[in-house]
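*Asks:* Pasting final14.txt below, which is compact mmCIF, C-alpha atoms.
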```
# COMPACT_ATOMS: atom_id res chain seq x y z
CA MET A 1 142.42 335.43 114.02
CA SER A 2 145.89 336.81 113.33
CA ASP A 3 147.60 338.56 116.21
CA PRO A 4 149.04 341.94 115.14
CA ARG A 5 151.88 341.47 117.60
CA GLU A 6 152.91 338.34 115.67
CA THR A 7 152.15 339.35 112.14
CA GLY A 8 152.47 343.13 112.22
CA LEU A 9 155.36 345.42 111.46
CA VAL A 10 155.08 347.65 114.52
CA LEU A 11 157.53 347.25 117.38
CA ASP A 12 155.33 346.42 120.37
CA PRO A 13 157.42 344.56 122.97
CA LYS A 14 155.57 342.37 125.44
CA TYR A 15 157.27 343.25 128.70
CA ASP A 16 156.86 340.89 131.65
CA ALA A 17 155.56 341.84 135.10
CA ALA A 18 158.98 343.33 135.90
CA GLY A 19 158.95 345.39 132.69
CA LEU A 20 161.56 343.27 130.96
CA ILE A 21 162.12 341.27 127.80
CA THR A 22 164.92 338.75 127.26
CA ALA A 23 167.84 339.56 124.98
CA VAL A 24 170.29 337.10 123.47
CA ALA A 25 173.49 338.25 121.79
CA THR A 26 175.32 336.21 119.18
CA ASP A 27 178.70 336.88 117.59
CA ARG A 28 178.29 338.08 114.00
CA VAL A 29 181.38 336.22 112.86
CA THR A 30 181.33 332.93 114.79
CA GLY A 31 177.58 332.66 115.38
CA ASP A 32 178.22 331.70 119.00
CA VAL A 33 175.79 332.77 121.68
CA LEU A 34 177.77 335.24 123.78
CA MET A 35 175.35 336.14 126.55
CA LEU A 36 171.77 336.34 127.63
CA ALA A 37 170.41 339.32 129.53
CA HIS A 38 167.31 341.47 129.94
CA MET A 39 166.13 344.82 128.65
CA ASN A 40 163.57 347.29 129.88
CA ALA A 41 162.04 349.81 127.51
CA GLU A 42 164.84 352.32 128.10
CA ALA A 43 167.59 349.76 127.43
CA LEU A 44 165.85 348.68 124.23
CA ALA A 45 165.42 352.27 123.04
CA LEU A 46 169.06 353.12 123.81
CA THR A 47 170.26 350.02 121.99
CA VAL A 48 168.23 350.93 118.90
CA GLU A 49 169.34 354.58 119.04
CA THR A 50 173.05 354.09 119.73
CA GLY A 51 173.79 350.73 118.08
CA VAL A 52 175.53 349.64 121.27
CA ALA A 53 173.92 347.00 123.52
CA HIS A 54 172.27 348.25 126.70
CA PHE A 55 170.57 345.97 129.21
CA TRP A 56 168.78 346.15 132.54
CA SER A 57 170.80 344.64 135.35
CA ARG A 58 168.37 342.74 137.55
CA SER A 59 170.99 342.27 140.29
CA ARG A 60 171.87 345.96 140.44
CA ALA A 61 168.39 347.18 139.42
CA ALA A 62 170.02 349.65 137.07
CA LEU A 63 170.42 350.45 133.41
CA TRP A 64 173.56 348.75 132.17
CA LYS A 65 175.56 349.81 129.15
CA LYS A 66 177.47 346.59 128.51
CA GLY A 67 181.20 347.37 128.56
CA GLU A 68 180.81 350.79 130.15
CA THR A 69 183.64 350.08 132.58
CA SER A 70 185.50 347.26 130.80
CA GLY A 71 185.31 348.75 127.32
CA HIS A 72 183.94 345.44 126.08
CA VAL A 73 180.94 346.91 124.33
CA LEU A 74 178.77 344.98 121.90
CA GLN A 75 178.30 346.77 118.57
CA VAL A 76 174.88 345.76 117.28
CA ARG A 77 174.89 344.91 113.57
CA ASP A 78 171.37 343.47 113.35
CA MET A 79 168.49 343.20 115.76
CA ARG A 80 165.50 340.83 115.55
CA ILE A 81 162.39 340.30 117.63
CA ASP A 82 160.53 337.05 118.08
CA CYS A 83 156.98 336.07 117.22
CA ASP A 84 155.35 337.22 120.45
CA GLN A 85 157.76 340.14 120.92
CA ASP A 86 159.05 339.12 124.32
CA ALA A 87 162.62 338.37 123.21
CA VAL A 88 165.20 340.10 121.03
CA TRP A 89 168.21 338.71 119.22
CA LEU A 90 171.23 340.96 118.82
CA ILE A 91 173.85 340.07 116.21
CA VAL A 92 176.96 341.81 117.46
CA ASP A 93 180.63 342.51 117.04
CA PRO A 94 182.08 342.26 120.56
CA ALA A 95 184.96 344.56 121.53
CA GLY A 96 186.28 341.96 123.99
CA PRO A 97 185.18 339.06 126.18
CA ALA A 98 181.43 339.17 126.66
CA CYS A 99 181.49 337.37 130.01
CA HIS A 100 182.41 338.99 133.31
CA THR A 101 184.62 335.93 133.96
CA GLY A 102 186.82 336.95 131.03
CA ALA A 103 185.50 334.22 128.77
CA ARG A 104 184.64 335.15 125.19
CA SER A 105 181.13 333.77 125.75
CA CYS A 106 179.22 333.17 128.97
CA PHE A 107 178.46 329.69 127.64
CA TYR A 108 181.94 328.26 128.22
CA ARG A 109 180.79 324.93 129.66
CA ARG A 110 179.16 321.98 127.95
CA ILE A 111 176.48 319.95 129.74
CA GLU A 112 177.42 316.26 129.90
CA GLY A 113 174.85 314.44 132.00
CA ASP A 114 174.98 316.01 135.45
CA ARG A 115 178.52 317.24 134.89
CA LEU A 116 180.00 320.13 132.94
CA ALA A 117 183.08 320.23 130.73
CA LEU A 118 185.00 323.26 129.49
CA ALA A 119 183.83 323.87 125.94
CA GLU A 120 186.89 325.62 124.60
CA MET B 1 186.24 334.30 146.17
CA SER B 2 185.40 332.04 143.25
CA ASP B 3 181.80 330.93 142.93
CA PRO B 4 181.57 327.14 142.35
CA ARG B 5 178.48 327.71 140.25
CA GLU B 6 180.59 329.80 137.85
CA THR B 7 183.87 327.97 137.95
CA GLY B 8 182.84 324.42 138.83
CA LEU B 9 182.07 321.43 136.67
CA VAL B 10 178.86 320.34 138.39
CA LEU B 11 175.52 321.03 136.77
CA ASP B 12 173.69 323.20 139.32
CA PRO B 13 171.03 325.26 137.51
CA LYS B 14 169.87 328.44 139.18
CA TYR B 15 166.11 328.24 138.75
CA ASP B 16 164.08 331.42 139.18
CA ALA B 17 161.14 331.86 141.56
CA ALA B 18 158.93 329.97 139.09
CA GLY B 19 161.43 327.08 138.91
CA LEU B 20 162.61 327.97 135.41
CA ILE B 21 165.77 328.73 133.47
CA THR B 22 165.89 330.28 130.00
CA ALA B 23 166.82 328.20 126.97
CA VAL B 24 167.93 329.49 123.58
CA ALA B 25 168.15 327.20 120.56
CA THR B 26 170.38 327.90 117.58
CA ASP B 27 170.56 326.05 114.28
CA ARG B 28 173.73 323.93 114.10
CA VAL B 29 174.15 324.63 110.38
CA THR B 30 173.12 328.28 109.94
CA GLY B 31 173.90 329.54 113.45
CA ASP B 32 170.58 331.38 113.51
CA VAL B 33 168.70 331.74 116.76
CA LEU B 34 165.57 329.66 116.25
CA MET B 35 163.62 330.19 119.45
CA LEU B 36 163.78 331.14 123.09
CA ALA B 37 161.84 329.24 125.73
CA HIS B 38 162.01 328.07 129.33
CA MET B 39 162.87 324.82 131.09
CA ASN B 40 162.04 323.47 134.51
CA ALA B 41 164.18 320.74 136.06
CA GLU B 42 162.14 317.99 134.40
CA ALA B 43 162.41 319.55 130.94
CA LEU B 44 166.15 319.96 131.36
CA ALA B 45 166.59 316.38 132.54
CA LEU B 46 164.49 315.00 129.67
CA THR B 47 166.45 317.07 127.16
CA VAL B 48 169.75 315.73 128.48
CA GLU B 49 168.45 312.15 128.61
CA THR B 50 166.70 312.00 125.24
CA GLY B 51 168.70 314.43 123.11
CA VAL B 52 165.43 316.04 122.01
CA ALA B 53 164.48 319.51 123.28
CA HIS B 54 161.85 319.69 126.00
CA PHE B 55 160.61 322.93 127.52
CA TRP B 56 158.13 324.16 130.08
CA SER B 57 155.20 325.97 128.50
CA ARG B 58 154.42 328.94 130.71
CA SER B 59 151.14 329.63 128.90
CA ARG B 60 149.90 326.06 129.26
CA ALA B 61 151.71 325.38 132.55
CA ALA B 62 152.79 322.01 131.19
CA LEU B 63 155.82 320.06 130.11
CA TRP B 64 156.29 320.59 126.38
CA LYS B 65 158.16 318.25 124.09
CA LYS B 66 158.82 320.62 121.20
CA GLY B 67 157.37 319.09 118.03
CA GLU B 68 155.29 316.48 119.84
CA THR B 69 152.26 317.25 117.65
CA SER B 70 153.90 318.91 114.63
CA GLY B 71 156.83 316.52 114.35
CA HIS B 72 159.15 319.52 114.27
CA VAL B 73 161.43 318.29 117.02
CA LEU B 74 164.79 319.83 117.79
CA GLN B 75 167.61 317.26 117.91
CA VAL B 76 170.14 318.57 120.39
CA ARG B 77 173.73 318.24 119.17
CA ASP B 78 175.43 320.26 121.89
CA MET B 79 174.24 321.90 125.07
CA ARG B 80 175.96 324.67 127.04
CA ILE B 81 175.20 326.48 130.27
CA ASP B 82 176.14 330.04 131.11
CA CYS B 83 178.32 331.49 133.84
CA ASP B 84 175.65 331.76 136.53
CA GLN B 85 173.78 328.66 135.32
CA ASP B 86 170.45 330.36 134.72
CA ALA B 87 170.45 329.92 130.94
CA VAL B 88 171.20 327.09 128.53
CA TRP B 89 172.16 327.16 124.86
CA LEU B 90 171.02 324.28 122.67
CA ILE B 91 172.76 323.74 119.34
CA VAL B 92 170.18 321.82 117.34
CA ASP B 93 169.18 320.23 114.08
CA PRO B 94 165.52 321.22 113.58
CA ALA B 95 163.17 318.75 111.89
CA GLY B 96 161.05 321.60 110.53
CA PRO B 97 160.05 325.20 111.23
CA ALA B 98 160.84 326.08 114.85
CA CYS B 99 158.14 328.75 115.10
CA HIS B 100 154.45 328.03 115.60
CA THR B 101 153.80 330.58 112.82
CA GLY B 102 155.53 328.26 110.35
CA ALA B 103 158.63 330.40 110.14
CA ARG B 104 161.99 328.64 110.29
CA SER B 105 162.96 330.88 113.21
CA CYS B 106 160.78 332.83 115.64
CA PHE B 107 163.02 335.82 114.94
CA TYR B 108 161.64 336.56 111.46
CA ARG B 109 161.44 340.33 111.87
CA ARG B 110 164.22 342.89 112.03
CA ILE B 111 163.90 345.91 114.33
CA GLU B 112 164.25 349.17 112.41
CA GLY B 113 163.60 352.07 114.77
CA ASP B 114 160.04 351.63 116.01
CA ARG B 115 159.10 349.53 112.98
CA LEU B 116 159.74 345.94 112.00
CA ALA B 117 160.73 344.50 108.63
CA LEU B 118 160.56 340.90 107.47
CA ALA B 119 164.08 339.52 107.80
CA GLU B 120 163.90 336.79 105.18
```
Please express what this file holds, its structure, as structure tokens.
*Replies:*
Amino acid sequence: MSDPRETGLVLDPKYDAAGLITAVATDRVTGDVLMLAHMNAEALALTVETGVAHFWSRSRAALWKKGETSGHVLQVRDMRIDCDQDAVWLIVDPAGPACHTGARSCFYRRIEGDRLALAE
Amino acid sequence: MSDPRETGLVLDPKYDAAGLITAVATDRVTGDVLMLAHMNAEALALTVETGVAHFWSRSRAALWKKGETSGHVLQVRDMRIDCDQDAVWLIVDPAGPACHTGARSCFYRRIEGDRLALAE
């Protein structure tokens, strides 16, 4: 009863109703999670082809080469897919802050009960 | 023009239409991404309260204490939220394999073009 999507060696992403999978990027050196975003098939293909992270911007409904305007691209050093192929993990070298706020990582706040604290 | 959700220190998750945010768990020791899942408000609150990861299972439409049957719980050592508060990052000590396949991480395959290769 093995599922080829889970056990096989063919890339077969399970896109959601909006045609997207989730992507999480971690820093190759620090291991920190830098950002979480989404990819459609085109963004995934461009990321694989170019080695530079591309996403789908849900707010702008447009293909999004991360860092296209800021220069803060994410160079993809390794790329994994999860068991049910609805999420990818990018191990990256970032050319600058990953967050649009200017923070190195989007995850700059720690959860402490119902409050947040700056993490760095 | 600052957005209190981005700059503030109050936990104010931005749930999607299904009442969910995305959660990514990384191994405290290795830094590896172990799994990606979703949380509703109850799962988030239980995770904060108990220090053990809880999720919302979209397939079963039920609250899911990770490891409840297998014993492979995720002890949460640190918990971050991202800029727009629609994703959380759990830094965890896993009590066993995080993946239902028995793999340590759900991300056990590397993407190589349109093929996959076992990553470990």
*Asks:* Could you list, as number ranges by chain, every residue within 12 Å of Asp82 (chain A), counting all atoms listed in the file and ignoring same-chain residues fewer than 3 positions away?
*Replies:* A: 5-9, 11-14, 21-24, 79, 85-90; B: 24, 33-37, 98-101, 103-111, 116, 118-119
*Asks:* From the options A:Val76, A:Ala61, A:Ile81, A:Ala41, which residue's atoms come nearest to chain B, counting all atoms listed in the file?
*Replies:*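 Under the stated criterion, the closest residue is A:Ile81.
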*Asks:* Determine, counting only C-alpha atoms, every residue of protein, DNA or RNA that lies within 12 Å of (182.9, 347.6, 130.1) in the file coordinates, then give the result as a list in words.
*Replies:* Val52, Ala53, His54, Trp64, Lys65, Lys66, Gly67, Glu68, Thr69, Ser70, Gly71, His72, Val73, Leu74, Pro94, Ala95, Gly96, Pro97, Ala98, Cys99, His100 and Gly102 of chain A
*Asks:* One decimal, in Å: what's the spacing between CA of Pro4 (chain A) and CA of Arg80 (chain A)?
*Replies:*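 Value for the CA of Pro4 (chain A)-CA of Arg80 (chain A) distance: 16.5 Å.
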*Asks:* Would you compute the distance between CA of Gln75 (chain A) and CA of Thr47 (chain A)? Give it in Å to one decimal.
*Replies:*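 So the answer is 9.3 Å.
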*Asks:* If I take CA of Thr26 (chain A) and CA of Arg77 (chain A), how far is one from the other in Å, to one decimal?
*Replies:* 10.4 Å
*Asks:* Using all atoms listed in the file, which of A:Asp93, A:Asp78, A:Asp16, A:Glu120 sits nearest chain B?
*Replies:*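 Of A:Asp93, A:Asp78, A:Asp16, A:Glu120, the one nearest chain B is A:Asp78, counting all atoms listed in the file.
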*Asks:* Go through B:Asp27, B:Val10, B:Glu112, B:Ala43 one by one, measure the shortest atom-to-atom distance of each to chain A using all atoms listed in the file, and give the residue with the smallest value.
*Replies:*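 That would be B:Val10, the residue with the smallest distance to chain A.
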*Asks:* May I have the centre and edge lengths, in Å to one decimal, of an axis-aligned box around the listed atoms of region 30-47 of chain B with 6 Å added to every side, as lines of an AutoDock Vina configuration file?
*Replies:*
```
center_x = 167.9
center_y = 323.4
center_z = 123.0
size_x = 24.1
size_y = 28.7
size_z = 38.1
```
*Asks:* So which one's closest to chain A, B:Asp3, B:Glu42, B:Asp84, B:Asp114? Using only C-alpha atoms, please.
*Replies:*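 Among the listed residues, B:Asp114 lies closest to chain A.
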*Asks:* Which one of B:Phe55, B:Ala25, B:Gly31, B:Leu46 sits closest to chain A if you count only C-alpha atoms?
*Replies:*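 Result for the nearest residue to chain A: B:Gly31.
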*Asks:* Find the residue from A:Val92, A:Ala18, A:Cys83, A:Ala117 that sits nearest to Met39 (chain A); use all atoms listed in the file when measuring.
*Replies:*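 Selected residue with least distance to Met39 (chain A): A:Ala18.
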*Asks:* Extract region 30-43 of chain A from the coordinates I pasted, and write it as a PDB file, in the first residue's frame (atoms kept: all heavy atoms).
*Replies:*
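selection_8.pdb written:
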```pdb
ATOM      1  N   THR A  30      23.710  29.372   9.358  1.00  0.00           N
ATOM      2  CA  THR A  30      23.191  29.452  10.730  1.00  0.00           C
ATOM      3  C   THR A  30      22.103  28.426  11.008  1.00  0.00           C
ATOM      4  O   THR A  30      21.802  28.151  12.178  1.00  0.00           O
ATOM      5  CB  THR A  30      22.584  30.844  11.004  1.00  0.00           C
ATOM      6  OG1 THR A  30      21.415  31.014  10.181  1.00  0.00           O
ATOM      7  CG2 THR A  30      23.576  31.953  10.680  1.00  0.00           C
ATOM      8  N   GLY A  31      21.471  27.900   9.955  1.00  0.00           N
ATOM      9  CA  GLY A  31      20.361  26.975  10.146  1.00  0.00           C
ATOM     10  C   GLY A  31      19.050  27.665  10.470  1.00  0.00           C
ATOM     11  O   GLY A  31      18.009  27.009  10.567  1.00  0.00           O
ATOM     12  N   ASP A  32      19.066  28.980  10.638  1.00  0.00           N
ATOM     13  CA  ASP A  32      17.830  29.695  10.981  1.00  0.00           C
ATOM     14  C   ASP A  32      16.812  29.645   9.845  1.00  0.00           C
ATOM     15  O   ASP A  32      17.178  29.693   8.668  1.00  0.00           O
ATOM     16  CB  ASP A  32      18.133  31.174  11.263  1.00  0.00           C
ATOM     17  CG  ASP A  32      18.787  31.377  12.616  1.00  0.00           C
ATOM     18  OD1 ASP A  32      18.867  30.416  13.396  1.00  0.00           O
ATOM     19  OD2 ASP A  32      19.222  32.512  12.880  1.00  0.00           O
ATOM     20  N   VAL A  33      15.548  29.571  10.230  1.00  0.00           N
ATOM     21  CA  VAL A  33      14.487  29.732   9.239  1.00  0.00           C
ATOM     22  C   VAL A  33      14.443  31.207   8.865  1.00  0.00           C
ATOM     23  O   VAL A  33      14.324  32.082   9.736  1.00  0.00           O
ATOM     24  CB  VAL A  33      13.126  29.263   9.781  1.00  0.00           C
ATOM     25  CG1 VAL A  33      12.028  29.561   8.771  1.00  0.00           C
ATOM     26  CG2 VAL A  33      13.160  27.770  10.096  1.00  0.00           C
ATOM     27  N   LEU A  34      14.569  31.485   7.586  1.00  0.00           N
ATOM     28  CA  LEU A  34      14.595  32.879   7.119  1.00  0.00           C
ATOM     29  C   LEU A  34      13.213  33.369   6.732  1.00  0.00           C
ATOM     30  O   LEU A  34      12.823  34.477   7.073  1.00  0.00           O
ATOM     31  CB  LEU A  34      15.531  33.010   5.914  1.00  0.00           C
ATOM     32  CG  LEU A  34      17.000  32.688   6.187  1.00  0.00           C
ATOM     33  CD1 LEU A  34      17.800  32.785   4.897  1.00  0.00           C
ATOM     34  CD2 LEU A  34      17.563  33.634   7.246  1.00  0.00           C
ATOM     35  N   MET A  35      12.465  32.540   6.008  1.00  0.00           N
ATOM     36  CA  MET A  35      11.150  32.963   5.531  1.00  0.00           C
ATOM     37  C   MET A  35      10.338  31.768   5.092  1.00  0.00           C
ATOM     38  O   MET A  35      10.880  30.693   4.848  1.00  0.00           O
ATOM     39  CB  MET A  35      11.275  33.937   4.358  1.00  0.00           C
ATOM     40  CG  MET A  35      11.985  33.349   3.155  1.00  0.00           C
ATOM     41  SD  MET A  35      12.130  34.524   1.773  1.00  0.00           S
ATOM     42  CE  MET A  35      10.419  34.713   1.281  1.00  0.00           C
ATOM     43  N   LEU A  36       9.054  32.000   5.006  1.00  0.00           N
ATOM     44  CA  LEU A  36       8.139  30.992   4.501  1.00  0.00           C
ATOM     45  C   LEU A  36       7.301  31.647   3.418  1.00  0.00           C
ATOM     46  O   LEU A  36       6.848  32.781   3.582  1.00  0.00           O
ATOM     47  CB  LEU A  36       7.270  30.507   5.657  1.00  0.00           C
ATOM     48  CG  LEU A  36       6.517  29.220   5.424  1.00  0.00           C
ATOM     49  CD1 LEU A  36       6.510  28.393   6.698  1.00  0.00           C
ATOM     50  CD2 LEU A  36       5.114  29.531   4.989  1.00  0.00           C
ATOM     51  N   ALA A  37       7.148  30.979   2.295  1.00  0.00           N
ATOM     52  CA  ALA A  37       6.413  31.560   1.175  1.00  0.00           C
ATOM     53  C   ALA A  37       5.772  30.430   0.373  1.00  0.00           C
ATOM     54  O   ALA A  37       5.754  29.285   0.829  1.00  0.00           O
ATOM     55  CB  ALA A  37       7.351  32.391   0.311  1.00  0.00           C
ATOM     56  N   HIS A  38       5.263  30.761  -0.792  1.00  0.00           N
ATOM     57  CA  HIS A  38       4.571  29.760  -1.605  1.00  0.00           C
ATOM     58  C   HIS A  38       5.132  29.742  -3.013  1.00  0.00           C
ATOM     59  O   HIS A  38       5.682  30.734  -3.487  1.00  0.00           O
ATOM     60  CB  HIS A  38       3.065  30.047  -1.611  1.00  0.00           C
ATOM     61  CG  HIS A  38       2.468  29.926  -0.242  1.00  0.00           C
ATOM     62  ND1 HIS A  38       2.535  30.953   0.676  1.00  0.00           N
ATOM     63  CD2 HIS A  38       1.878  28.883   0.386  1.00  0.00           C
ATOM     64  CE1 HIS A  38       1.980  30.551   1.813  1.00  0.00           C
ATOM     65  NE2 HIS A  38       1.572  29.304   1.670  1.00  0.00           N
ATOM     66  N   MET A  39       4.992  28.602  -3.657  1.00  0.00           N
ATOM     67  CA  MET A  39       5.454  28.438  -5.037  1.00  0.00           C
ATOM     68  C   MET A  39       4.337  27.834  -5.870  1.00  0.00           C
ATOM     69  O   MET A  39       3.667  26.892  -5.415  1.00  0.00           O
ATOM     70  CB  MET A  39       6.627  27.459  -5.102  1.00  0.00           C
ATOM     71  CG  MET A  39       7.929  27.974  -4.539  1.00  0.00           C
ATOM     72  SD  MET A  39       9.215  26.695  -4.750  1.00  0.00           S
ATOM     73  CE  MET A  39      10.664  27.614  -4.239  1.00  0.00           C
ATOM     74  N   ASN A  40       4.182  28.340  -7.089  1.00  0.00           N
ATOM     75  CA  ASN A  40       3.387  27.612  -8.077  1.00  0.00           C
ATOM     76  C   ASN A  40       4.367  26.794  -8.936  1.00  0.00           C
ATOM     77  O   ASN A  40       5.580  26.804  -8.680  1.00  0.00           O
ATOM     78  CB  ASN A  40       2.509  28.575  -8.894  1.00  0.00           C
ATOM     79  CG  ASN A  40       3.338  29.542  -9.732  1.00  0.00           C
ATOM     80  OD1 ASN A  40       4.569  29.547  -9.654  1.00  0.00           O
ATOM     81  ND2 ASN A  40       2.668  30.375 -10.508  1.00  0.00           N
ATOM     82  N   ALA A  41       3.846  26.113  -9.915  1.00  0.00           N
ATOM     83  CA  ALA A  41       4.715  25.232 -10.706  1.00  0.00           C
ATOM     84  C   ALA A  41       5.818  26.023 -11.398  1.00  0.00           C
ATOM     85  O   ALA A  41       6.967  25.573 -11.487  1.00  0.00           O
ATOM     86  CB  ALA A  41       3.878  24.454 -11.729  1.00  0.00           C
ATOM     87  N   GLU A  42       5.484  27.218 -11.879  1.00  0.00           N
ATOM     88  CA  GLU A  42       6.479  28.028 -12.590  1.00  0.00           C
ATOM     89  C   GLU A  42       7.591  28.481 -11.634  1.00  0.00           C
ATOM     90  O   GLU A  42       8.771  28.437 -11.986  1.00  0.00           O
ATOM     91  CB  GLU A  42       5.791  29.250 -13.222  1.00  0.00           C
ATOM     92  CG  GLU A  42       6.735  30.069 -14.096  1.00  0.00           C
ATOM     93  CD  GLU A  42       6.082  31.329 -14.666  1.00  0.00           C
ATOM     94  OE1 GLU A  42       4.929  31.641 -14.283  1.00  0.00           O
ATOM     95  OE2 GLU A  42       6.744  31.998 -15.478  1.00  0.00           O
ATOM     96  N   ALA A  43       7.209  28.908 -10.440  1.00  0.00           N
ATOM     97  CA  ALA A  43       8.220  29.345  -9.461  1.00  0.00           C
ATOM     98  C   ALA A  43       9.134  28.189  -9.078  1.00  0.00           C
ATOM     99  O   ALA A  43      10.355  28.355  -8.957  1.00  0.00           O
ATOM    100  CB  ALA A  43       7.526  29.914  -8.221  1.00  0.00           C
TER     101      ALA A  43
END
```
